file work_29.cif (mmCIF, C-alpha atoms (C1' of nucleotides))
data_structure
#
loop_
_atom_site.group_PDB
_atom_site.id
_atom_site.type_symbol
_atom_site.label_atom_id
_atom_site.label_comp_id
_atom_site.auth_asym_id
_atom_site.auth_seq_id
_atom_site.Cartn_x
_atom_site.Cartn_y
_atom_site.Cartn_z
ATOM 1 C CA MET A 1 51.142 36.868 18.772
ATOM 2 C CA ARG A 2 47.501 36.788 19.839
ATOM 3 C CA PRO A 3 44.774 37.131 17.290
ATOM 4 C CA LEU A 4 44.105 40.803 16.761
ATOM 5 C CA THR A 5 40.656 41.603 18.134
ATOM 6 C CA ILE A 6 38.661 44.608 17.066
ATOM 7 C CA GLY A 7 39.525 46.556 20.211
ATOM 8 C CA THR A 8 43.222 46.054 19.726
ATOM 9 C CA LEU A 9 42.989 46.957 16.057
ATOM 10 C CA ALA A 10 41.053 50.082 16.942
ATOM 11 C CA LYS A 11 43.723 51.180 19.384
ATOM 12 C CA ALA A 12 46.581 50.294 17.069
ATOM 13 C CA SER A 13 45.163 52.332 14.225
ATOM 14 C CA ARG A 14 43.632 55.009 16.428
ATOM 15 C CA VAL A 15 40.173 54.591 14.969
ATOM 16 C CA HIS A 16 37.042 54.379 17.086
ATOM 17 C CA LEU A 17 35.958 50.781 17.578
ATOM 18 C CA GLU A 18 32.465 51.356 16.293
ATOM 19 C CA THR A 19 33.903 53.088 13.289
ATOM 20 C CA VAL A 20 35.853 49.964 12.402
ATOM 21 C CA ARG A 21 32.619 47.999 12.270
ATOM 22 C CA TYR A 22 31.074 50.804 10.285
ATOM 23 C CA TYR A 23 33.880 50.705 7.734
ATOM 24 C CA GLU A 24 33.398 46.979 7.397
ATOM 25 C CA ARG A 25 29.653 47.434 6.897
ATOM 26 C CA ILE A 26 30.113 49.933 4.110
ATOM 27 C CA GLY A 27 32.785 47.803 2.474
ATOM 28 C CA LEU A 28 35.700 50.126 3.097
ATOM 29 C CA MET A 29 37.421 47.469 5.183
ATOM 30 C CA PRO A 30 37.345 43.815 4.079
ATOM 31 C CA LYS A 31 35.441 41.327 6.200
ATOM 32 C CA PRO A 32 37.976 39.675 8.467
ATOM 33 C CA SER A 33 38.033 36.023 9.424
ATOM 34 C CA ARG A 34 36.271 34.980 12.605
ATOM 35 C CA THR A 35 37.253 32.891 15.598
ATOM 36 C CA ALA A 36 35.207 29.897 16.740
ATOM 37 C CA SER A 37 33.204 32.224 18.963
ATOM 38 C CA ASN A 38 32.539 34.600 16.112
ATOM 39 C CA TYR A 39 35.040 37.276 17.157
ATOM 40 C CA ARG A 40 36.654 39.220 14.322
ATOM 41 C CA ASN A 41 40.217 38.196 13.719
ATOM 42 C CA PHE A 42 42.447 40.799 12.089
ATOM 43 C CA GLY A 43 45.987 40.792 10.785
ATOM 44 C CA PRO A 44 48.670 43.454 10.384
ATOM 45 C CA GLU A 45 47.401 44.289 6.917
ATOM 46 C CA HIS A 46 44.189 45.499 8.517
ATOM 47 C CA VAL A 47 46.118 47.828 10.791
ATOM 48 C CA GLU A 48 47.870 49.256 7.779
ATOM 49 C CA ARG A 49 44.745 49.747 5.747
ATOM 50 C CA LEU A 50 42.822 51.255 8.620
ATOM 51 C CA SER A 51 45.661 53.652 9.407
ATOM 52 C CA PHE A 52 45.761 54.662 5.771
ATOM 53 C CA ILE A 53 42.056 55.414 5.954
ATOM 54 C CA ARG A 54 42.424 57.396 9.159
ATOM 55 C CA ARG A 55 45.191 59.536 7.741
ATOM 56 C CA ALA A 56 43.237 60.176 4.584
ATOM 57 C CA ARG A 57 40.211 61.208 6.650
ATOM 58 C CA GLU A 58 42.371 63.520 8.724
ATOM 59 C CA ILE A 59 43.529 65.181 5.543
ATOM 60 C CA GLY A 60 39.904 65.647 4.693
ATOM 61 C CA PHE A 61 39.312 63.083 1.966
ATOM 62 C CA SER A 62 35.745 61.802 1.840
ATOM 63 C CA ILE A 63 34.936 58.116 2.120
ATOM 64 C CA ARG A 64 34.207 58.047 -1.580
ATOM 65 C CA GLU A 65 37.576 59.567 -2.364
ATOM 66 C CA ILE A 66 39.294 57.143 -0.031
ATOM 67 C CA ARG A 67 37.690 54.267 -1.878
ATOM 68 C CA GLU A 68 39.292 55.566 -5.044
ATOM 69 C CA LEU A 69 42.635 56.139 -3.368
ATOM 70 C CA LEU A 70 42.602 52.608 -2.010
ATOM 71 C CA ALA A 71 41.778 51.225 -5.436
ATOM 72 C CA LEU A 72 44.582 53.252 -6.973
ATOM 73 C CA ALA A 73 46.952 52.088 -4.250
ATOM 74 C CA GLU A 74 46.435 48.443 -5.206
ATOM 75 C CA PRO A 75 49.667 46.859 -6.368
ATOM 76 C CA GLY A 76 49.940 46.866 -10.129
ATOM 77 C CA ARG A 77 47.952 50.072 -10.367
ATOM 78 C CA ALA A 78 50.628 52.583 -9.487
ATOM 79 C CA SER A 79 48.676 55.331 -11.183
ATOM 80 C CA CYS A 80 50.275 58.370 -9.678
ATOM 81 C CA ALA A 81 48.598 60.593 -12.230
ATOM 82 C CA GLU A 82 45.105 59.694 -11.078
ATOM 83 C CA VAL A 83 46.042 60.101 -7.441
ATOM 84 C CA GLN A 84 47.439 63.469 -8.342
ATOM 85 C CA THR A 85 44.188 64.480 -9.984
ATOM 86 C CA LEU A 86 42.171 63.450 -6.948
ATOM 87 C CA THR A 87 44.499 65.298 -4.648
ATOM 88 C CA THR A 88 44.465 68.391 -6.796
ATOM 89 C CA VAL A 89 40.697 68.458 -6.766
ATOM 90 C CA HIS A 90 40.688 68.019 -3.033
ATOM 91 C CA LEU A 91 43.244 70.745 -2.562
ATOM 92 C CA SER A 92 41.210 73.182 -4.558
ATOM 93 C CA GLU A 93 38.161 72.345 -2.451
ATOM 94 C CA VAL A 94 40.158 73.040 0.666
ATOM 95 C CA ARG A 95 41.279 76.349 -0.769
ATOM 96 C CA ALA A 96 37.741 77.287 -1.738
ATOM 97 C CA LYS A 97 36.579 76.520 1.774
ATOM 98 C CA ILE A 98 39.361 78.651 3.205
ATOM 99 C CA ALA A 99 38.345 81.531 0.977
ATOM 100 C CA ASP A 100 34.716 81.193 2.088
ATOM 101 C CA LEU A 101 35.639 81.101 5.735
ATOM 102 C CA ARG A 102 37.854 84.115 5.372
ATOM 103 C CA LYS A 103 34.925 86.074 4.009
ATOM 104 C CA LEU A 104 32.840 85.005 6.980
ATOM 105 C CA GLU A 105 35.667 85.979 9.273
ATOM 106 C CA THR A 106 35.726 89.457 7.808
ATOM 107 C CA ILE A 107 31.976 89.854 8.130
ATOM 108 C CA LEU A 108 31.836 88.621 11.699
ATOM 109 C CA ALA A 109 34.874 90.586 12.814
ATOM 110 C CA GLY A 110 33.467 93.713 11.182
ATOM 111 C CA ALA A 111 30.168 93.419 13.007
ATOM 112 C CA LEU A 112 31.890 92.810 16.319
ATOM 113 C CA GLU A 113 34.103 95.802 15.816
ATOM 114 C CA ARG A 114 31.041 97.949 15.323
ATOM 115 C CA CYS A 115 29.712 96.535 18.615
ATOM 116 C CA LEU A 116 32.695 98.057 20.362
ATOM 117 C CA GLY A 117 32.365 101.414 18.669
ATOM 118 C CA GLU A 118 30.337 103.982 20.560
ATOM 119 C CA SER A 119 27.888 104.784 17.808
ATOM 120 C CA ALA A 120 25.714 101.697 18.167
ATOM 121 C CA PRO A 121 22.051 102.606 18.465
ATOM 122 C CA ALA A 122 21.080 98.962 18.033
ATOM 123 C CA CYS A 123 22.922 95.660 17.941
ATOM 124 C CA PRO A 124 25.136 95.640 14.827
ATOM 125 C CA VAL A 125 25.062 91.856 14.517
ATOM 126 C CA LEU A 126 21.283 91.648 14.583
ATOM 127 C CA ASP A 127 21.103 94.607 12.236
ATOM 128 C CA MET A 128 23.305 92.876 9.749
ATOM 129 C CA LEU A 129 21.126 89.765 9.856
ATOM 130 C CA ALA A 130 17.903 91.711 9.648
ATOM 131 C CA SER A 131 18.667 93.906 6.680
ATOM 132 C CA PRO A 132 19.023 92.823 3.063
ATOM 133 C CA ARG A 133 22.180 94.852 2.578
ATOM 134 C CA PRO A 134 24.655 94.217 5.329
ATOM 135 C CA SER A 135 27.495 96.697 5.368
ATOM 136 C CA MET B 136 -2.088 91.414 -2.453
ATOM 137 C CA ARG B 137 -2.540 87.668 -2.868
ATOM 138 C CA PRO B 138 -2.000 85.418 0.088
ATOM 139 C CA LEU B 139 1.670 84.516 0.220
ATOM 140 C CA THR B 140 1.999 80.832 -0.610
ATOM 141 C CA ILE B 141 4.954 78.745 0.376
ATOM 142 C CA GLY B 142 6.498 78.861 -3.096
ATOM 143 C CA THR B 143 6.335 82.618 -3.216
ATOM 144 C CA LEU B 144 7.761 82.913 0.275
ATOM 145 C CA ALA B 145 10.568 80.544 -0.665
ATOM 146 C CA LYS B 146 11.477 82.647 -3.676
ATOM 147 C CA ALA B 147 11.174 85.934 -1.808
ATOM 148 C CA SER B 148 13.500 84.825 0.937
ATOM 149 C CA ARG B 149 15.696 82.685 -1.284
ATOM 150 C CA VAL B 150 15.246 79.573 0.810
ATOM 151 C CA HIS B 151 14.468 76.171 -0.666
ATOM 152 C CA LEU B 152 10.765 75.402 -0.463
ATOM 153 C CA GLU B 153 11.246 72.122 1.347
ATOM 154 C CA THR B 154 13.531 73.853 3.793
ATOM 155 C CA VAL B 155 10.746 76.243 4.726
ATOM 156 C CA ARG B 156 8.571 73.293 5.678
ATOM 157 C CA TYR B 157 11.525 71.803 7.531
ATOM 158 C CA TYR B 158 12.033 74.990 9.526
ATOM 159 C CA GLU B 159 8.393 74.960 10.452
ATOM 160 C CA ARG B 160 8.609 71.329 11.542
ATOM 161 C CA ILE B 161 11.549 71.979 13.841
ATOM 162 C CA GLY B 162 9.903 75.077 15.242
ATOM 163 C CA LEU B 163 12.317 77.608 13.793
ATOM 164 C CA MET B 164 9.508 79.222 11.824
ATOM 165 C CA PRO B 165 6.075 79.703 13.407
ATOM 166 C CA LYS B 166 3.141 77.747 12.016
ATOM 167 C CA PRO B 167 1.357 80.035 9.578
ATOM 168 C CA SER B 168 -2.378 80.291 9.150
ATOM 169 C CA ARG B 169 -4.029 78.131 6.508
ATOM 170 C CA THR B 170 -6.450 78.817 3.699
ATOM 171 C CA ALA B 171 -9.742 76.942 3.369
ATOM 172 C CA SER B 172 -7.953 74.359 1.250
ATOM 173 C CA ASN B 173 -5.206 73.913 3.824
ATOM 174 C CA TYR B 174 -2.551 75.921 1.991
ATOM 175 C CA ARG B 175 -0.085 77.796 4.183
ATOM 176 C CA ASN B 176 -0.723 81.512 4.255
ATOM 177 C CA PHE B 177 2.256 83.701 5.091
ATOM 178 C CA GLY B 178 2.741 87.394 5.722
ATOM 179 C CA PRO B 179 5.626 89.835 5.274
ATOM 180 C CA GLU B 180 6.891 89.056 8.780
ATOM 181 C CA HIS B 181 7.582 85.524 7.608
ATOM 182 C CA VAL B 182 9.679 86.785 4.734
ATOM 183 C CA GLU B 183 11.680 88.873 7.171
ATOM 184 C CA ARG B 184 12.237 86.111 9.649
ATOM 185 C CA LEU B 185 13.128 83.579 6.969
ATOM 186 C CA SER B 186 15.588 85.995 5.371
ATOM 187 C CA PHE B 187 17.148 86.572 8.764
ATOM 188 C CA ILE B 188 17.592 82.819 9.143
ATOM 189 C CA ARG B 189 19.070 82.449 5.677
ATOM 190 C CA ARG B 190 21.621 85.197 6.271
ATOM 191 C CA ALA B 191 22.573 83.713 9.608
ATOM 192 C CA ARG B 192 23.031 80.282 7.987
ATOM 193 C CA GLU B 193 25.168 81.844 5.251
ATOM 194 C CA ILE B 194 27.377 83.339 7.907
ATOM 195 C CA GLY B 195 27.696 79.852 9.322
ATOM 196 C CA PHE B 196 25.542 79.998 12.435
ATOM 197 C CA SER B 197 24.016 76.657 13.382
ATOM 198 C CA ILE B 198 20.288 76.192 13.769
ATOM 199 C CA ARG B 199 20.748 76.081 17.521
ATOM 200 C CA GLU B 200 22.616 79.376 17.458
ATOM 201 C CA ILE B 201 19.998 80.925 15.224
ATOM 202 C CA ARG B 202 17.319 79.950 17.721
ATOM 203 C CA GLU B 203 19.234 81.915 20.327
ATOM 204 C CA LEU B 204 19.790 84.858 18.026
ATOM 205 C CA LEU B 205 16.097 84.975 17.198
ATOM 206 C CA ALA B 206 15.204 84.882 20.878
ATOM 207 C CA LEU B 207 17.653 87.681 21.581
ATOM 208 C CA ALA B 208 16.269 89.673 18.687
ATOM 209 C CA GLU B 209 12.782 89.703 20.216
ATOM 210 C CA PRO B 210 11.672 93.236 20.977
ATOM 211 C CA GLY B 211 12.324 94.151 24.585
ATOM 212 C CA ARG B 212 15.324 91.882 24.726
ATOM 213 C CA ALA B 213 17.898 94.074 23.055
ATOM 214 C CA SER B 214 20.723 92.176 24.680
ATOM 215 C CA CYS B 215 23.603 93.146 22.488
ATOM 216 C CA ALA B 216 26.060 91.688 24.963
ATOM 217 C CA GLU B 217 24.722 88.171 24.577
ATOM 218 C CA VAL B 218 24.628 88.457 20.819
ATOM 219 C CA GLN B 219 28.201 89.632 20.962
ATOM 220 C CA THR B 220 29.210 86.600 23.005
ATOM 221 C CA LEU B 221 27.534 84.247 20.549
ATOM 222 C CA THR B 222 29.171 85.955 17.624
ATOM 223 C CA THR B 223 32.566 85.954 19.271
ATOM 224 C CA VAL B 224 32.342 82.222 19.892
ATOM 225 C CA HIS B 225 31.309 81.657 16.320
ATOM 226 C CA LEU B 226 34.111 83.812 15.008
ATOM 227 C CA SER B 227 36.687 81.862 16.962
ATOM 228 C CA GLU B 228 35.280 78.626 15.558
ATOM 229 C CA VAL B 229 35.610 80.024 12.078
ATOM 230 C CA ARG B 230 39.189 81.015 12.779
ATOM 231 C CA ALA B 231 39.997 77.583 14.189
ATOM 232 C CA LYS B 232 38.578 75.970 11.079
ATOM 233 C CA ILE B 233 40.628 78.234 8.873
ATOM 234 C CA ALA B 234 43.759 77.282 10.782
ATOM 235 C CA ASP B 235 42.966 73.585 10.364
ATOM 236 C CA LEU B 236 42.324 73.933 6.673
ATOM 237 C CA ARG B 237 45.516 75.848 6.180
ATOM 238 C CA LYS B 238 47.445 72.969 7.684
ATOM 239 C CA LEU B 239 45.708 70.593 5.296
ATOM 240 C CA GLU B 240 46.485 72.904 2.442
ATOM 241 C CA THR B 241 50.169 72.833 3.300
ATOM 242 C CA ILE B 242 50.213 69.060 3.541
ATOM 243 C CA LEU B 243 48.371 68.528 0.281
ATOM 244 C CA ALA B 244 50.326 71.139 -1.621
ATOM 245 C CA GLY B 245 53.571 69.671 -0.306
ATOM 246 C CA ALA B 246 52.708 66.193 -1.501
ATOM 247 C CA LEU B 247 51.648 67.463 -4.902
ATOM 248 C CA GLU B 248 54.855 69.401 -5.256
ATOM 249 C CA ARG B 249 56.800 66.237 -4.648
ATOM 250 C CA CYS B 250 54.734 64.606 -7.396
ATOM 251 C CA LEU B 251 56.140 67.107 -9.851
ATOM 252 C CA GLY B 252 59.713 66.677 -8.684
ATOM 253 C CA GLU B 253 61.726 64.147 -10.646
ATOM 254 C CA SER B 254 62.837 62.090 -7.696
ATOM 255 C CA ALA B 255 59.599 60.224 -7.142
ATOM 256 C CA PRO B 256 60.170 56.479 -7.008
ATOM 257 C CA ALA B 257 56.566 55.967 -5.864
ATOM 258 C CA CYS B 258 53.471 58.144 -5.512
ATOM 259 C CA PRO B 259 54.179 60.763 -2.849
ATOM 260 C CA VAL B 260 50.528 61.121 -1.922
ATOM 261 C CA LEU B 261 50.011 57.416 -1.352
ATOM 262 C CA ASP B 262 53.326 57.277 0.472
ATOM 263 C CA MET B 263 52.224 59.970 2.826
ATOM 264 C CA LEU B 264 49.005 58.127 3.568
ATOM 265 C CA ALA B 265 50.717 54.779 3.957
ATOM 266 C CA SER B 266 53.469 55.726 6.359
ATOM 267 C CA PRO B 267 53.068 56.673 10.007
ATOM 268 C CA ARG B 268 55.424 59.595 9.632
ATOM 269 C CA PRO B 269 54.502 61.715 6.672
ATOM 270 C CA SER B 270 57.136 64.253 5.782
ATOM 271 C "C1'" DC C 271 32.772 30.469 39.873
ATOM 272 C "C1'" DT C 272 32.148 34.935 39.607
ATOM 273 C "C1'" DT C 273 33.414 39.470 38.161
ATOM 274 C "C1'" DG C 274 34.797 42.662 34.851
ATOM 275 C "C1'" DA C 275 36.295 43.561 30.454
ATOM 276 C "C1'" DC C 276 35.652 42.455 26.000
ATOM 277 C "C1'" DC C 277 32.917 41.190 21.856
ATOM 278 C "C1'" DC C 278 28.496 40.303 18.963
ATOM 279 C "C1'" DC C 279 24.408 42.370 16.165
ATOM 280 C "C1'" DG C 280 20.942 45.510 14.808
ATOM 281 C "C1'" DT C 281 18.942 49.772 15.326
ATOM 282 C "C1'" DA C 282 18.547 54.640 16.095
ATOM 283 C "C1'" DG C 283 20.345 59.104 16.748
ATOM 284 C "C1'" DT C 284 23.228 63.300 15.092
ATOM 285 C "C1'" DA C 285 23.028 68.142 11.544
ATOM 286 C "C1'" DA C 286 20.618 70.276 8.182
ATOM 287 C "C1'" DC C 287 18.581 69.536 4.846
ATOM 288 C "C1'" DT C 288 16.713 67.296 0.149
ATOM 289 C "C1'" DA C 289 13.857 64.242 -2.409
ATOM 290 C "C1'" DC C 290 10.450 61.588 -3.203
ATOM 291 C "C1'" DA C 291 5.261 59.453 -3.624
ATOM 292 C "C1'" DG C 292 0.589 59.914 -4.047
ATOM 293 C "C1'" DA C 293 -3.003 62.920 -3.404
ATOM 294 C "C1'" DC C 294 -5.385 67.341 -3.704
ATOM 295 C "C1'" DC C 295 -6.028 72.244 -5.382
ATOM 296 C "C1'" DT C 296 -5.712 76.359 -8.564
ATOM 297 C "C1'" DT C 297 -4.985 78.753 -12.703
ATOM 298 C "C1'" DA C 298 -4.648 79.325 -17.581
ATOM 299 C "C1'" DT C 299 -5.902 78.005 -21.904
ATOM 300 C "C1'" DA C 300 -8.844 75.817 -25.596
ATOM 301 C "C1'" DT D 301 -16.598 73.831 -19.359
ATOM 302 C "C1'" DA D 302 -12.970 70.702 -19.695
ATOM 303 C "C1'" DT D 303 -8.461 69.774 -19.198
ATOM 304 C "C1'" DA D 304 -3.644 70.226 -18.545
ATOM 305 C "C1'" DA D 305 0.045 72.274 -16.169
ATOM 306 C "C1'" DG D 306 1.819 73.574 -12.155
ATOM 307 C "C1'" DG D 307 1.484 74.471 -7.178
ATOM 308 C "C1'" DT D 308 0.617 72.505 -2.585
ATOM 309 C "C1'" DC D 309 -0.386 68.887 0.990
ATOM 310 C "C1'" DT D 310 1.488 64.984 4.218
ATOM 311 C "C1'" DG D 311 4.687 61.681 5.698
ATOM 312 C "C1'" DT D 312 8.684 59.170 5.010
ATOM 313 C "C1'" DA D 313 13.307 58.111 3.569
ATOM 314 C "C1'" DG D 314 17.815 59.333 1.912
ATOM 315 C "C1'" DT D 315 22.255 62.019 2.500
ATOM 316 C "C1'" DT D 316 27.531 62.007 5.321
ATOM 317 C "C1'" DA D 317 30.335 59.875 8.526
ATOM 318 C "C1'" DC D 318 29.953 58.384 12.194
ATOM 319 C "C1'" DT D 319 28.457 57.468 17.490
ATOM 320 C "C1'" DA D 320 25.664 55.365 20.960
ATOM 321 C "C1'" DC D 321 22.749 52.077 22.765
ATOM 322 C "C1'" DG D 322 20.501 47.679 24.301
ATOM 323 C "C1'" DG D 323 20.547 43.011 25.215
ATOM 324 C "C1'" DG D 324 23.086 39.439 24.834
ATOM 325 C "C1'" DG D 325 27.453 35.977 24.505
ATOM 326 C "C1'" DT D 326 32.612 35.196 25.692
ATOM 327 C "C1'" DC D 327 37.063 35.224 27.943
ATOM 328 C "C1'" DA D 328 40.712 35.759 31.551
ATOM 329 C "C1'" DA D 329 41.903 36.571 36.307
ATOM 330 C "C1'" DG D 330 41.381 35.783 41.087
#

call {"tool": "encode", "arguments": {"input": "work_29.cif", "output": "structure tokens"}}
result
Amino acid sequence: MRPLTIGTLAKASRVHLETVRYYERIGLMPKPSRTASNYRNFGPEHVERLSFIRRAREIGFSIREIRELLALAEPGRASCAEVQTLTTVHLSEVRAKIADLRKLETILAGALERCLGESAPACPVLDMLASPRPS
Amino acid sequence: MRPLTIGTLAKASRVHLETVRYYERIGLMPKPSRTASNYRNFGPEHVERLSFIRRAREIGFSIREIRELLALAEPGRASCAEVQTLTTVHLSEVRAKIADLRKLETILAGALERCLGESAPACPVLDMLASPRPS
DNA sequence: CTTGACCCCGTAGTAACTACAGACCTTATA
DNA sequence: TATAAGGTCTGTAGTTACTACGGGGTCAAG
């Protein structure tokens, strides 16, 4: 098969082309070999790694966390326990964020409900933002 | 009372001092008057406006949205309907985010559960990230 | 041989701050 | 009055994770 150019790699792993270059710049992806005309030349292992990264991003891991995951995924380092720790931390962050957003949801929905009620002398949303003690 | 310096204003409205300057730079806060020695000199209306902004940020409104809210809050423009629209849009964004995070939560919790199960030949989290079809 | 699609690099822009550096000013204490 | 601590000034750069651009070189098809 043809040498894998950056565009093909990007499509294969469903990562934006410019993002591939970005990942290389920040050292998340290894520098690939180059053709005579200086084009990047990737192999299947790059597709795999890049797809791994994309999936991890989709699950909400940060670049820093992905670096750790990739290190832990190295052969010989099958340290499931450490991966578990990382994932647990991440999960609890996700849960904290959900809890926060649910509070916001309640606040916003409450204000909007008051908008629909008849007894609104002023705008309930603006009131809430203007006064120190929102309902 | 003393002229309200930036530090005092920051404390009173519970906004980081540097953020106050930032808000002024981007035109979210009006430029205050200055003392003879070029210190910013604020009044109670600044505390109010800054607190309004902080509460709106806490509820997750973007700076752009807050600009609109502030414009709508101007006296004479009591356009509750427009505020309601803005808030409704924001609420649906919050709900969408919650839905996304809940999916992540399920995925992460599922992988971790498999970690605890006995039948783990490899790391379930890494497996999930490595294979195109996670369970 | 030309056209269009691809690739190169470096830089700058995005959101919403936060953190300096180096200078000046004010207030409290000795 | 001197000085030391702490507050304020400006402008710039760093943060996260990209995305977009400009100005060029390269490759494959017709």

call {"tool": "interface_residues", "arguments": {"input": "work_29.cif", "of": "chain C", "to": "chain A", "cutoff": "12 Å", "atoms": "only C-alpha atoms (C1' of nucleotides)", "output": "MDAnalysis selection string"}}
result
chainID C and resid 275:280

call {"tool": "residues_around", "arguments": {"input": "work_29.cif", "residues": "C:DA286", "least_positions_apart": "3", "cutoff": "12 Å", "atoms": "only C-alpha atoms (C1' of nucleotides)", "output": "PyMOL selection string"}}
result
(chain B and resi 153-154+157-158+161+192+195-199) or (chain D and resi 315-316)

call {"tool": "closest_residue", "arguments": {"input": "work_29.cif", "among": "D:DG306, D:DG314, D:DG323, D:DG330", "to": "C:DT297", "atoms": "all atoms listed in the file"}}
result
D:DG306

call {"tool": "atom_distance", "arguments": {"input": "work_29.cif", "atom1": "atom CA of A:Arg54", "atom2": "atom CA of B:Glu228"}}
result
23.3 Å

call {"tool": "atom_distance", "arguments": {"input": "work_29.cif", "atom1": "atom CA of A:Arg67", "atom2": "atom C1' of D:DC321"}}
result
28.9 Å

call {"tool": "interface_residues", "arguments": {"input": "work_29.cif", "of": "chain D", "to": "chain B", "cutoff": "8 Å", "atoms": "all atoms listed in the file", "output": "MDAnalysis selection string"}}
result
chainID D and resid 307:309

call {"tool": "interface_residues", "arguments": {"input": "work_29.cif", "of": "chain A", "to": "chain B", "cutoff": "7 Å", "atoms": "only C-alpha atoms", "output": "PyMOL selection string"}}
result
chain A and resi 52+55-56+59+73+80+84+91+94+98+101+104-105+108+112+123+126+129-130

call {"tool": "resolve_selection", "arguments": {"input": "work_29.cif", "expression": "the PyMOL selection byres ((chain D and resi 303) around 9)", "output": "VMD selection string"}}
result
(chain C and resid 300) or (chain D and resid 302 304)

call {"tool": "write_last_selection", "arguments": {"input": "work_29.cif", "atoms": "C-alpha atoms (C1' of nucleotides)", "output": "compact mmCIF listing (two decimals), in the coordinates of the input"}}
result
# COMPACT_ATOMS: atom_id res chain seq x y z
C1' DA C 300 -8.84 75.82 -25.60
C1' DA D 302 -12.97 70.70 -19.70
C1' DA D 304 -3.64 70.23 -18.55

call {"tool": "axis_aligned_box", "arguments": {"input": "work_29.cif", "around": "stretch 97-102 of chain A", "padding_each_side": "3 Å", "output": "lines of an AutoDock Vina configuration file"}}
result
center_x = 37.0
center_y = 80.3
center_z = 3.4
size_x = 10.6
size_y = 13.6
size_z = 10.8

call {"tool": "atom_distance", "arguments": {"input": "work_29.cif", "atom1": "atom CA of A:Leu28", "atom2": "atom C1' of D:DA313"}}
result
23.8 Å

call {"tool": "residues_near_point", "arguments": {"input": "work_29.cif", "point": "(33.8, 41.6, 37.9)", "cutoff": "12 Å", "atoms": "all atoms listed in the file", "output": "ChimeraX atom specification"}}
result
/C:271-275 /D:328-330

call {"tool": "resolve_selection", "arguments": {"input": "work_29.cif", "expression": "the PyMOL selection byres ((chain C and resi 291) around 10)", "output": "count of residues only"}}
result
6

call {"tool": "build_atoms", "arguments": {"input": "work_29.cif", "residues": "stretch 37-48 of chain A", "atoms": "N, CA and C atoms", "output": "mmCIF file, in the frame of the given file"}}
result
data_model
loop_
_atom_site.group_PDB
_atom_site.id
_atom_site.type_symbol
_atom_site.label_atom_id
_atom_site.label_comp_id
_atom_site.auth_asym_id
_atom_site.auth_seq_id
_atom_site.Cartn_x
_atom_site.Cartn_y
_atom_site.Cartn_z
ATOM 1 N N SER A 37 34.293 31.550 18.253
ATOM 2 C CA SER A 37 33.204 32.224 18.963
ATOM 3 C C SER A 37 32.745 33.484 18.246
ATOM 4 N N ASN A 38 33.056 33.535 16.973
ATOM 5 C CA ASN A 38 32.539 34.600 16.112
ATOM 6 C C ASN A 38 33.184 35.965 16.341
ATOM 7 N N TYR A 39 34.314 36.015 17.003
ATOM 8 C CA TYR A 39 35.040 37.276 17.157
ATOM 9 C C TYR A 39 35.795 37.571 15.867
ATOM 10 N N ARG A 40 35.868 38.844 15.505
ATOM 11 C CA ARG A 40 36.654 39.220 14.322
ATOM 12 C C ARG A 40 38.136 38.993 14.593
ATOM 13 N N ASN A 41 38.815 38.547 13.578
ATOM 14 C CA ASN A 41 40.217 38.196 13.719
ATOM 15 C C ASN A 41 41.026 38.933 12.655
ATOM 16 N N PHE A 42 41.741 39.964 13.059
ATOM 17 C CA PHE A 42 42.447 40.799 12.089
ATOM 18 C C PHE A 42 43.921 40.451 11.993
ATOM 19 N N GLY A 43 44.548 40.956 10.954
ATOM 20 C CA GLY A 43 45.987 40.792 10.785
ATOM 21 C C GLY A 43 46.628 42.157 10.615
ATOM 22 N N PRO A 44 47.945 42.176 10.498
ATOM 23 C CA PRO A 44 48.670 43.454 10.384
ATOM 24 C C PRO A 44 48.233 44.254 9.157
ATOM 25 N N GLU A 45 47.829 43.564 8.114
ATOM 26 C CA GLU A 45 47.401 44.289 6.917
ATOM 27 C C GLU A 45 46.173 45.149 7.204
ATOM 28 N N HIS A 46 45.360 44.701 8.157
ATOM 29 C CA HIS A 46 44.189 45.499 8.517
ATOM 30 C C HIS A 46 44.613 46.775 9.250
ATOM 31 N N VAL A 47 45.623 46.645 10.082
ATOM 32 C CA VAL A 47 46.118 47.828 10.791
ATOM 33 C C VAL A 47 46.612 48.857 9.777
ATOM 34 N N GLU A 48 47.330 48.368 8.815
ATOM 35 C CA GLU A 48 47.870 49.256 7.779
ATOM 36 C C GLU A 48 46.767 49.972 7.010
#
